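All remarks here apply to the structure that follows.
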Protein chains: 2
Amino acid sequence: MQRALSVSRMTGNRSTFPEWYQAVVREADLAENSPVRGMMIIKPWGYGVWEEIQRDLDRRIKETGHVNAYFPLLIPLSFFAKEAEHVEGFAKEMAVVTHHRLRAVDGKLEVDPDAKLEEPLIVRPTSETIIADAFQRWIKSHRDLPLLINQWANVVRWEMRTRLFLRTSEFLWQEGHTAHVDEADARAETMRMLEVYRALSEDVLAMPVIAGEKPENERFPGAVATYSIEAMMQDGKALQAGTSHYLGQNFAHSQNIRFQSAAGELEYCHTTSWGVSTRLIGGVIMTHGDDDGLRLPPAIAPRQMVIVPILRDKPEDAEVLAYSESLASALQAQTALGERVRVLLDKRGARSADKRWEWVRRGAPIIVEIGPRDAAAGQVTYMRRDKLRDGEKIASTAVPRDTFLAAAPGILAEIQANLFAEAKAQLDSNIRGDIRTFDQLAEHFGAAVDEDEGSVFKGWVRAPWSKPTGAALDAIDERLKALKLTLRNIPLDQRPVSGPCLFTGEPAVEEVLIARAY
Amino acid sequence: MQRALSVSRMTGNRSTFPEWYQAVVREADLAENSPVRGMMIIKPWGYGVWEEIQRDLDRRIKETGHVNAYFPLLIPLSFFAKEAEHVEGFAKEMAVVTHHRLRAVDGKLEVDPDAKLEEPLIVRPTSETIIADAFQRWIKSHRDLPLLINQWANVVRWEMRTRLFLRTSEFLWQEGHTAHVDEADARAETMRMLEVYRALSEDVLAMPVIAGEKPENERFPGAVATYSIEAMMQDGKALQAGTSHYLGQNFAHSQNIRFQSAAGELEYCHTTSWGVSTRLIGGVIMTHGDDDGLRLPPAIAPRQMVIVPILRDKPEDAEVLAYSESLASALQAQTALGERVRVLLDKRGARSADKRWEWVRRGAPIIVEIGPRDAAAGQVTYMRRDKLRDGEKIASTAVPRDTFLAAAPGILAEIQANLFAEAKAQLDSNIRGDIRTFDQLAEHFGAAVDEDEGSVFKGWVRAPWSKPTGAALDAIDERLKALKLTLRNIPLDQRPVSGPCLFTGEPAVEEVLIARAY
């Protein structure tokens, strides 16, 4: 059977998921490694996906009352020292700027030793400290609160083992930073943005998630509470797709963010932060991709429909092109999923079969092929990327032009719903809720596997636990680590629990999610 | 007379333009200096202006066939060495990353000496080299051309003397990078993007410009030809607002960007690059600001109309608010300048007079004040920021609600046109075309003035010249420098010239623009 990709997600008993992932990123032309270790080049099709995500999320961020601003890329080293816990918990792998000039010596460029900075500057790994510093200047009275700021930015974390989109030394993200008069308001903000992320993930990326609170040991450094959305990839691993933090008064204390209350008292603010990144694109690939390449939910496809005219250097070409152009215009004038339909007429001078396969690999939701017969008969032949195959065959449908025009917006909505339903079924049916002991857990997940080899699909486990903290939690973490497992989150959506904790044997108080993770 | 700003552009015989500029940036709440020398924080109102500019320009960039992509922030030092001329001409003031880790010693953070990078990395001052490297991998055949890429990014140039928006160590910009089969196609691209910048500047920022080619000594390092748009600020200085470069085969040679031609030959591409930055916001301020603060062209105003309800903690407040809310909805449903009207209802609990002055300083195009009498009479009282005063008085107009609703989109369009017309008249009437000798030039501009003192308005001079090159041009440059003058560009729109060159006395071949500049 002809496949658009040379690598399959699974071969026999062996998962080839990591190779498959790389092949999709490459063959869908999403991104590539750059000459700078761990930093990626996001190619136009991949960046187009990011632009769609960004546009949608930006609207949601603004609708919830936030405004965008921009803070410096470089942060003085001393700022990190201010927030002790933040520093302690944070990986210290950061890009450090120490000089501000080059010099040419014998026609060779080198760092000018005379241009050493008095204080090293850090390329932001996140902007809590420098934004807190601004908040401390901006906030004077309770009338200035809540202060609801978002930033779209690049950040750098010096990663040792990188993987395109999932873990790169530089990535693009948004980081929200807000300040509030009290805990209740800050906690409400934290949950509001978690819900924005859930809605973005499920309604736009068609990627079902479980929202919950991170256990104590997985909190963001300096946070009082960290919440995440976790998505299940097709290899059964979890991807943390977004986080929202209630920071309490920790950053307010260390950075002196105070306000005069209505009663005239000086009080410390309660702050939050929350972010999602280009990692989401990795999640989309591993949620929806198949052995033919990427499948894009229409809501984030840079082009939702691609028209490939079948040209043969013959006189009929003109008619085929004219027919295709008219079809493209008619489609562009339509609305689907609340927006103008995004259409591409691919007139490049390549073989139409090659072009078709290219769009299959890139995951365009609907691929239309127009040949002389279609033009003559006034019909449209199209493929749905979510239902590409009928057994061994490619499933293409020919319908009258008007029928297609009338149906197209609905088909896009259907593809969006379909991709979500598929992924939701996968998630729901692969969370084991019947595992009650650590031995059962170990047996279920089997021996630890090397990450590069990939693990055979095991899904997640949702188990009752007694919510231990401190050293007891660390001990559990160690035991899980030996199985390459982690605690993902404590789902917000809890069921009544009974019986003992899977780890401690004490009475369980709630359920926690356990999985291998990216 | 009450003014929204404490500083005027000019006091008696003395220009206080630089202080005035700083006051507008501060009082309009656009940006502020950060704790990192030379790097600014772009505050929400300023960033909102950038978002509007970005949105409009991004559409124009895409309509001309370009796609966005993203390249690494950090560039290996060796990449700069590849393009020798590029390095030579480029200021070597760049931020250099030399280490990738911090360590904590005795609870103090410091750079970890064990984490020195093998090769220093430069925070991109511009991305020609790293994008050329990608082009060299991406381009194989003439079928891959033209390759039309744009990037929205932050860049860093270590500036010694900085001024918010105009010259900052970090700024935001877009940089277009394209590759073509031949000179004609690349030159057409260069001019196309120059025209996009002219249209953006004039039609969106309402900032008239003169487009032209830079003289040889002002070319971008490595370029064969550099074009710019130059705008006249209210102190008579020129602001280079955008540049477009035809790079010939220079970057293609140094980075080996080759393609197989239709005839089967390996040929070097012709490349271009072009960019505009957050500097444009500085241009908007200095073009349209007045002694009351900023005046924003409606096309880039984050909020085009601001409604200030006059609330007095009295029972009528509810009616005033309800009336204001209904008005805001009705306005938001309207279209002006081709887009939904952007309306803000400012419900903050401050005095309405303070809020009004705040929006005056921030330059909201239309400010509506609704008091109990307006609500009761079904009328709207509004001010136009472009015609704020009638002599000493603030000019406000009261009209029936329906009249205002019907007129509002037209008023916004009128303000847009009005701001452009004002600035255009200022530009057109302040270019001297009658200066024929260097002595006259020196006399016209008078003694050199210290930049921080500001220069009293002198406008520009457009003079015939013989287009000298090399050492002759350098000598002219030196003579001009003594007068704090520079050659701005050779306007595309030339008139027939006759007589001698102002500098050399040789027969003139064209006219060149001379001005003090930012």
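Labeling convention for the structure tokens: chains A, B, ... as they appear, residues from 1 per chain, ligands from 1 in order of appearance.
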Up to 8 Å from chain B, what residues of chain A turn up? Count only C-alpha atoms and give them as JSON, numbers by chain.
{"A": [34, 35, 36, 39, 40, 41, 42, 43, 44, 46, 47, 48, 67, 68, 69, 70, 71, 72, 73, 74, 75, 76, 77, 78, 80, 81, 92, 93, 94, 95, 96, 97, 98, 99, 100, 101, 102, 103, 108, 109, 110, 111, 120, 143, 158, 170, 348, 349]}
Per DSSP on the backbone, what are the strand (DSSP E) residues of segment 291-381 of chain B, as a PDB file with N, CA, C and O atoms, in the first residue's frame?
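Result file out_15.pdb:
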ATOM      1  N   MET B 305     -12.450  54.938  19.622  1.00  0.00           N
ATOM      2  CA  MET B 305     -13.381  55.795  20.363  1.00  0.00           C
ATOM      3  C   MET B 305     -13.370  55.333  21.808  1.00  0.00           C
ATOM      4  O   MET B 305     -13.482  54.143  22.078  1.00  0.00           O
ATOM      5  N   VAL B 306     -13.250  56.291  22.695  1.00  0.00           N
ATOM      6  CA  VAL B 306     -13.315  55.970  24.113  1.00  0.00           C
ATOM      7  C   VAL B 306     -14.514  56.707  24.703  1.00  0.00           C
ATOM      8  O   VAL B 306     -14.669  57.917  24.493  1.00  0.00           O
ATOM      9  N   ILE B 307     -15.351  55.964  25.376  1.00  0.00           N
ATOM     10  CA  ILE B 307     -16.533  56.562  26.013  1.00  0.00           C
ATOM     11  C   ILE B 307     -16.257  56.704  27.505  1.00  0.00           C
ATOM     12  O   ILE B 307     -15.963  55.723  28.186  1.00  0.00           O
ATOM     13  N   VAL B 308     -16.326  57.933  27.986  1.00  0.00           N
ATOM     14  CA  VAL B 308     -16.112  58.201  29.413  1.00  0.00           C
ATOM     15  C   VAL B 308     -17.457  58.577  30.036  1.00  0.00           C
ATOM     16  O   VAL B 308     -17.973  59.667  29.799  1.00  0.00           O
ATOM     17  N   PRO B 309     -18.037  57.683  30.798  1.00  0.00           N
ATOM     18  CA  PRO B 309     -19.287  58.036  31.483  1.00  0.00           C
ATOM     19  C   PRO B 309     -18.979  58.949  32.674  1.00  0.00           C
ATOM     20  O   PRO B 309     -18.006  58.725  33.393  1.00  0.00           O
ATOM     21  N   THR B 335     -18.594  49.673  11.061  1.00  0.00           N
ATOM     22  CA  THR B 335     -17.348  49.483  10.339  1.00  0.00           C
ATOM     23  C   THR B 335     -16.789  50.842   9.956  1.00  0.00           C
ATOM     24  O   THR B 335     -17.524  51.697   9.470  1.00  0.00           O
ATOM     25  N   ALA B 336     -15.497  51.034  10.215  1.00  0.00           N
ATOM     26  CA  ALA B 336     -14.838  52.262   9.759  1.00  0.00           C
ATOM     27  C   ALA B 336     -13.483  51.876   9.210  1.00  0.00           C
ATOM     28  O   ALA B 336     -12.834  50.963   9.731  1.00  0.00           O
ATOM     29  N   GLU B 339     -12.797  48.182   8.836  1.00  0.00           N
ATOM     30  CA  GLU B 339     -12.746  47.234   9.950  1.00  0.00           C
ATOM     31  C   GLU B 339     -13.777  47.592  11.007  1.00  0.00           C
ATOM     32  O   GLU B 339     -14.247  48.723  11.075  1.00  0.00           O
ATOM     33  N   ARG B 340     -14.079  46.614  11.869  1.00  0.00           N
ATOM     34  CA  ARG B 340     -14.936  46.888  13.000  1.00  0.00           C
ATOM     35  C   ARG B 340     -14.367  48.047  13.829  1.00  0.00           C
ATOM     36  O   ARG B 340     -13.155  48.093  14.063  1.00  0.00           O
ATOM     37  N   VAL B 343     -13.858  50.175  20.185  1.00  0.00           N
ATOM     38  CA  VAL B 343     -14.451  51.077  21.177  1.00  0.00           C
ATOM     39  C   VAL B 343     -14.062  50.628  22.582  1.00  0.00           C
ATOM     40  O   VAL B 343     -13.982  49.443  22.859  1.00  0.00           O
ATOM     41  N   LEU B 344     -13.802  51.585  23.451  1.00  0.00           N
ATOM     42  CA  LEU B 344     -13.589  51.262  24.864  1.00  0.00           C
ATOM     43  C   LEU B 344     -14.564  52.065  25.707  1.00  0.00           C
ATOM     44  O   LEU B 344     -14.700  53.281  25.535  1.00  0.00           O
ATOM     45  N   LEU B 345     -15.238  51.372  26.601  1.00  0.00           N
ATOM     46  CA  LEU B 345     -16.045  52.058  27.600  1.00  0.00           C
ATOM     47  C   LEU B 345     -15.208  52.083  28.878  1.00  0.00           C
ATOM     48  O   LEU B 345     -14.929  51.046  29.460  1.00  0.00           O
ATOM     49  N   ILE B 366     -11.400  59.732  18.982  1.00  0.00           N
ATOM     50  CA  ILE B 366     -12.659  60.355  19.392  1.00  0.00           C
ATOM     51  C   ILE B 366     -12.901  60.033  20.872  1.00  0.00           C
ATOM     52  O   ILE B 366     -12.830  58.873  21.273  1.00  0.00           O
ATOM     53  N   ILE B 367     -13.159  61.055  21.648  1.00  0.00           N
ATOM     54  CA  ILE B 367     -13.443  60.869  23.070  1.00  0.00           C
ATOM     55  C   ILE B 367     -14.876  61.338  23.316  1.00  0.00           C
ATOM     56  O   ILE B 367     -15.230  62.480  23.005  1.00  0.00           O
ATOM     57  N   VAL B 368     -15.671  60.420  23.821  1.00  0.00           N
ATOM     58  CA  VAL B 368     -17.086  60.718  24.064  1.00  0.00           C
ATOM     59  C   VAL B 368     -17.276  60.858  25.569  1.00  0.00           C
ATOM     60  O   VAL B 368     -16.775  60.039  26.334  1.00  0.00           O
ATOM     61  N   GLU B 369     -17.989  61.893  25.993  1.00  0.00           N
ATOM     62  CA  GLU B 369     -18.335  62.008  27.408  1.00  0.00           C
ATOM     63  C   GLU B 369     -19.851  61.946  27.539  1.00  0.00           C
ATOM     64  O   GLU B 369     -20.573  62.680  26.859  1.00  0.00           O
ATOM     65  N   ILE B 370     -20.284  61.057  28.399  1.00  0.00           N
ATOM     66  CA  ILE B 370     -21.719  60.899  28.595  1.00  0.00           C
ATOM     67  C   ILE B 370     -22.081  61.260  30.033  1.00  0.00           C
ATOM     68  O   ILE B 370     -21.632  60.611  30.980  1.00  0.00           O
ATOM     69  N   GLN B 379     -28.495  62.213  23.633  1.00  0.00           N
ATOM     70  CA  GLN B 379     -27.469  62.823  22.789  1.00  0.00           C
ATOM     71  C   GLN B 379     -26.074  62.321  23.150  1.00  0.00           C
ATOM     72  O   GLN B 379     -25.886  61.596  24.126  1.00  0.00           O
ATOM     73  N   VAL B 380     -25.109  62.700  22.332  1.00  0.00           N
ATOM     74  CA  VAL B 380     -23.723  62.284  22.515  1.00  0.00           C
ATOM     75  C   VAL B 380     -22.844  63.533  22.451  1.00  0.00           C
ATOM     76  O   VAL B 380     -22.947  64.313  21.514  1.00  0.00           O
ATOM     77  N   THR B 381     -21.996  63.699  23.492  1.00  0.00           N
ATOM     78  CA  THR B 381     -21.055  64.817  23.480  1.00  0.00           C
ATOM     79  C   THR B 381     -19.671  64.251  23.211  1.00  0.00           C
ATOM     80  O   THR B 381     -19.231  63.340  23.900  1.00  0.00           O
TER      81      THR B 381
END
Please produce, as CSV, a per-residue contact table for segment 348-444 of chain B versus segment 494-505 of chain B (criterion: any atom at most 10 Å away, only C-alpha atoms considered), showing the nearest atom pair and its distance in Å to one decimal, sorted by chain then residue number.
residue,atom,partner,partner_atom,distance
B:Ile435,CA,B:Leu502,CA,8.0
B:Arg436,CA,B:Leu502,CA,5.4
B:Thr437,CA,B:Leu502,CA,4.9
B:Phe438,CA,B:Leu502,CA,5.9
B:Asp439,CA,B:Leu502,CA,9.3
B:Gln440,CA,B:Leu502,CA,9.5
B:Leu441,CA,B:Leu502,CA,8.8
Please extract the residues of segment 124-219 of chain A with a backbone DSSP assignment of helix (DSSP H, G or I) and present them as JSON, numbers by chain.
{"A": [128, 129, 130, 131, 132, 133, 134, 135, 136, 137, 138, 142, 143, 144, 183, 184, 185, 186, 187, 188, 189, 190, 191, 192, 193, 194, 195, 196, 197, 198, 199, 200, 201, 202, 203, 204, 216, 217, 218]}
Find the residues near segment 484-491 of chain B: any atom within 6 Å, counting only C-alpha atoms, skip ones fewer than 3 places away on the same chain, and give them as a ChimeraX atom specification.
/B:211-214,448,480-481,512-516
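Atom CA of Ala517 of chain A to atom CA of Gln240 of chain A spans 7.9 Å [interatomic distance, one decimal].
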Which polymer residues have any atom within 9 Å of an atom of Ala23 of chain A, counting only C-alpha atoms, with same-chain residues fewer than 4 positions away left out, as a ChimeraX atom specification?
/A:5-7,18-19,27-28,293
Expressed in Å to a single decimal, how great is the separation between atom CA of Asp114 of chain A and atom CA of Asp114 of chain B?
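Interatomic distance here is 21.5 Å.
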Any idea what the distance is between atom CA of Ala375 of chain B and atom CA of Val320 of chain B?
5.7 Å
Best match for closeness to Pro215 of chain A among A:Leu483, A:Ala186, A:Ile476, A:Ala132, counting only C-alpha atoms:
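Of A:Leu483, A:Ala186, A:Ile476, A:Ala132, the one nearest Pro215 of chain A is A:Ile476, counting only C-alpha atoms.
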